[in-house]
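Worksheet: one structure, shown below.
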Amino acid sequence: MSIFIKTKRLTLRELKVNDAAKLASICNQEHILKWMPDFRMTEKQLEGWIKYTQQAYKTVNIKERYIVLAVEKECELIGTVSIGPKKEINNQIEIAYFISQEFCNRGYITEAVKAMIWWTFEIVKIDYLAAIVQPENQPSQRVVEKVGFIKGDTIFAEHDGEDKPFYFYKFHHIDYIPNPDWHFNCNVEEMSGFFDTRAGGYDSHMLKSVSGIECYRRIAEPISVDSNEIDILDIGCGTGIELEYLFERVPKAKVTCIDMSEKMLELLESKYSSRAQQIQTICGSYIDWTYPQEFFDYVVSSFTLHHFMEDVKVGIYNKIIAALKPGGLYIESDFIVDRMMMEQYLQRYRRITKALTDKRYSGYYHIDIPFTIELQKELLLRAGFSHVSVFHEDIKPKGSHAVLVAQK
């Protein structure tokens with residue numbers, strides 16, 4: 001693979017041996033050596049280092065080797081940007097960069113970092129990038145924070161012969177990045193319209209690329225097999241993927257299904273036409289719907305509550321509690337994320353909603369806001385459930401989910 005990336009003002013390309021002289025004049029500058037002392041090299045040493053980096057261009061295996069690209073402005077080498085495994089952070093893929101002093105404070109390194117993020121996410125298909133920055137290195141902090149990295153804990157790593165503190169950052173691939181000169185996507189769609197448009201391919205998308213069959217099967221497992229003619233409320237039911245497993249476990253159950261998407265409900269009714277006498281569909285918002293009091297034995301939700309902020313979620317949970325019979329269960333299957341990824345989603349949410357002229361409650365527009373499992377449990381308890389347990393939890397780099405069971 002030949003690596004050549006063009007941005008509005010820059011070119012990112014593979015390093016060449018004849019870059020060594022110019023590179024020596026840059027990487028031995030004081031402001032670079034202060035933070036990256038390993039680059040204290042002569043021109044001859046840099047020639048050897050460049051030859052070593054060139055080997056990585058042949059395979060582009062960034063989980064094993066660093067990819068270092070020259071950053072050019074109008075054919076002049078002005079710095080480098082690189083990605084690769086960092087042993088100090090358990091070989092997570094790190095992004096690193098430096099730029100010549102005379103080109104600082106003009107946005108060039110931010111532009112180069114954004115281009116490298118695009119290449120790493122969309123071409124190499126990496127799920128997230130990490131960065132470590134010393135607390136005193138404020139210019140580098142501004143770069144990673146400007147492009148969207150989230151600050152985590154302070155770690156300690158070897159630097160110039162001794163352990164030093166570093167801020168640890170992460171940036172997850174949560175949105176498609178269209179080109180090297182990308183900007184944050186602030187386009188959103190109204191919720192029902194979003195799902196109406198995608199109804200036909202929804203099942204395939206969720207089962208193959210997002211959650212998988214087991215995520216829907218597990219939502220039925222907390223329901224007692226001794227249950228007979230019980231009443232279940234399914235909020236945000238969509239096309240009703242989970243209904244297959246609900247009826248498999250409790251064949252005589254009656255299920256009330258509510259969703260904002262008319263087209264998805266039509267697909268649900270078509271799929272389960274043989275059980276029409278057991279299913280009632282309601283096209284509407286389960287935020288505004290008037291819940292019958294103490295009517296349902298179980299309330300379930302599958303991959304729908306991650307569109308709401310804390311206060312709206314608690315309000316929904318309050319209504320669910322009122323709708324459950326004493327001792328009834330609420331079973332929620334949804335995306336979960338770690339704290340740093342949640343903060344990235346929250347920043348994205350705040351950025352999008354700030355740009356909206358028509359301000360609505362969270363959930364009116366289709367914006368994902370997944371939470372940590374700890375926060376999910378806290379919100380359910382805050383709403384008034386007597387007990388909350390984690391029935392299933394699947395943590396992985398992408399597509400983590402959990403099933404929580406809350407009792408009235």
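We label chains A, B, ... in the order they appear in the structure tokens, count residues from 1 in each chain, and number ligands from 1 in the order shown.
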Excluding stretch 194-197 of chain A and residues on its chain fewer than 5 positions from it, collect all residues at most 8 Å away from it, counting only C-alpha atoms, and give them as number ranges by chain. A: 189, 261-264, 366
Could you please take those selected residues and save C-alpha atoms as a JSON list (two decimals), in the first residue's frame?
[["chain", "number", "residue", "atom", "x", "y", "z"],
["A", 189, "GLU", "CA", -32.78, 13.48, 11.71],
["A", 261, "SER", "CA", -41.90, 4.49, 13.40],
["A", 262, "GLU", "CA", -45.04, 3.54, 11.50],
["A", 263, "LYS", "CA", -43.06, 1.60, 8.90],
["A", 264, "MET", "CA", -41.28, -0.48, 11.52],
["A", 366, "HIS", "CA", -31.77, 10.53, 16.54]]
Name all residues at most 10 Å from stretch 214-219 of chain A (count only C-alpha atoms; drop same-chain ones fewer than 5 positions away) and give them as a VMD selection string. chain A and resid 206 to 207 240 to 246 248 to 249 300 to 303 331 to 335 391 to 394 401 to 405
Quick one: residues within 6 Å of stretch 171-187 of chain A, only C-alpha atoms, excluding same-chain residues fewer than 2 positions away - as a list of chain:residue names?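 Contacts, with the query itself left out: A:Thr7, A:Ala115, A:Trp118, A:Asp127, A:Tyr128, A:Leu129, A:Phe149, A:Ile352.
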Choose the residue, out of A:Ser285, A:Thr53, A:Gln293, A:Thr11, that has the smallest atom-to-atom separation from A:Gly238; count only C-alpha atoms.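 Of all the options, A:Ser285 lies closest to A:Gly238.
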Please provide the set of residues having any atom within 6 Å of A:Leu12, restricted to only C-alpha atoms, with same-chain residues fewer than 3 positions apart removed, written as a VMD selection string. chain A and resid 4 to 5 69 to 71
Only C-alpha atoms, please: the residues just picked out, written as an mmCIF file, in the first residue's frame.
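Saved the output as part30.cif:
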data_model
loop_
_atom_site.group_PDB
_atom_site.id
_atom_site.type_symbol
_atom_site.label_atom_id
_atom_site.label_comp_id
_atom_site.auth_asym_id
_atom_site.auth_seq_id
_atom_site.Cartn_x
_atom_site.Cartn_y
_atom_site.Cartn_z
ATOM 1 C CA PHE A 4 -0.290 9.525 0.154
ATOM 2 C CA ILE A 5 -2.853 11.847 1.741
ATOM 3 C CA LEU A 69 4.459 9.991 7.588
ATOM 4 C CA ALA A 70 6.179 13.156 6.460
ATOM 5 C CA VAL A 71 4.054 16.305 6.654
#
Please determine, counting only C-alpha atoms, which residue among A:Thr59, A:Ser273, A:Gln134, A:Ala24 has the shortest atom-to-atom distance to A:Glu47.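 Nearest to A:Glu47: A:Ala24.
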Restrict the calculation to only C-alpha atoms, then for each residue of stretch 167-200 of chain A with any atom at most 10 Å from an atom of stretch 79-102 of chain A give the closest atom pair and their distance in Å to one decimal, rows by chain and rising residue number, as a tab-separated table.
residue	atom	partner	partner_atom	distance
A:Phe168	CA	A:Ile89	CA	8.8
A:Tyr169	CA	A:Glu94	CA	9.4
A:Lys170	CA	A:Glu94	CA	9.0
Output file for the selection above: N, CA and C atoms, as a PDB file, in the first residue's frame:
ATOM      1  N   PHE A 168      -3.634  10.665  29.680  1.00  0.00           N
ATOM      2  CA  PHE A 168      -4.002   9.616  28.734  1.00  0.00           C
ATOM      3  C   PHE A 168      -5.292  10.025  28.016  1.00  0.00           C
ATOM      4  N   TYR A 169      -5.277   9.989  26.694  1.00  0.00           N
ATOM      5  CA  TYR A 169      -6.418  10.392  25.870  1.00  0.00           C
ATOM      6  C   TYR A 169      -6.862   9.237  24.971  1.00  0.00           C
ATOM      7  N   LYS A 170      -8.164   9.259  24.625  1.00  0.00           N
ATOM      8  CA  LYS A 170      -8.707   8.307  23.649  1.00  0.00           C
ATOM      9  C   LYS A 170      -9.661   9.023  22.701  1.00  0.00           C
TER      10      LYS A 170
END
If DSSP is run on the backbone, what residues of stretch 152-290 of chain A are strand (DSSP E or B)? A reply as a PyMOL selection string would be ideal. chain A and resi 152-159+162-172+190+231-235+254-259+279-283
What gap, in Å, lies between atom CA of A:Cys257 and atom CA of A:Gly236?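 Between atom CA of A:Cys257 and atom CA of A:Gly236 the gap is 7.5 Å.
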To one decimal place, how far is atom CA of A:Val388 from atom CA of A:Met309 in Å?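 Separation of atom CA of A:Val388 and atom CA of A:Met309: 19.4 Å.
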What is the distance, in Å and to one decimal place, between atom CA of A:Leu10 and atom CA of A:Ile78? 9.7 Å
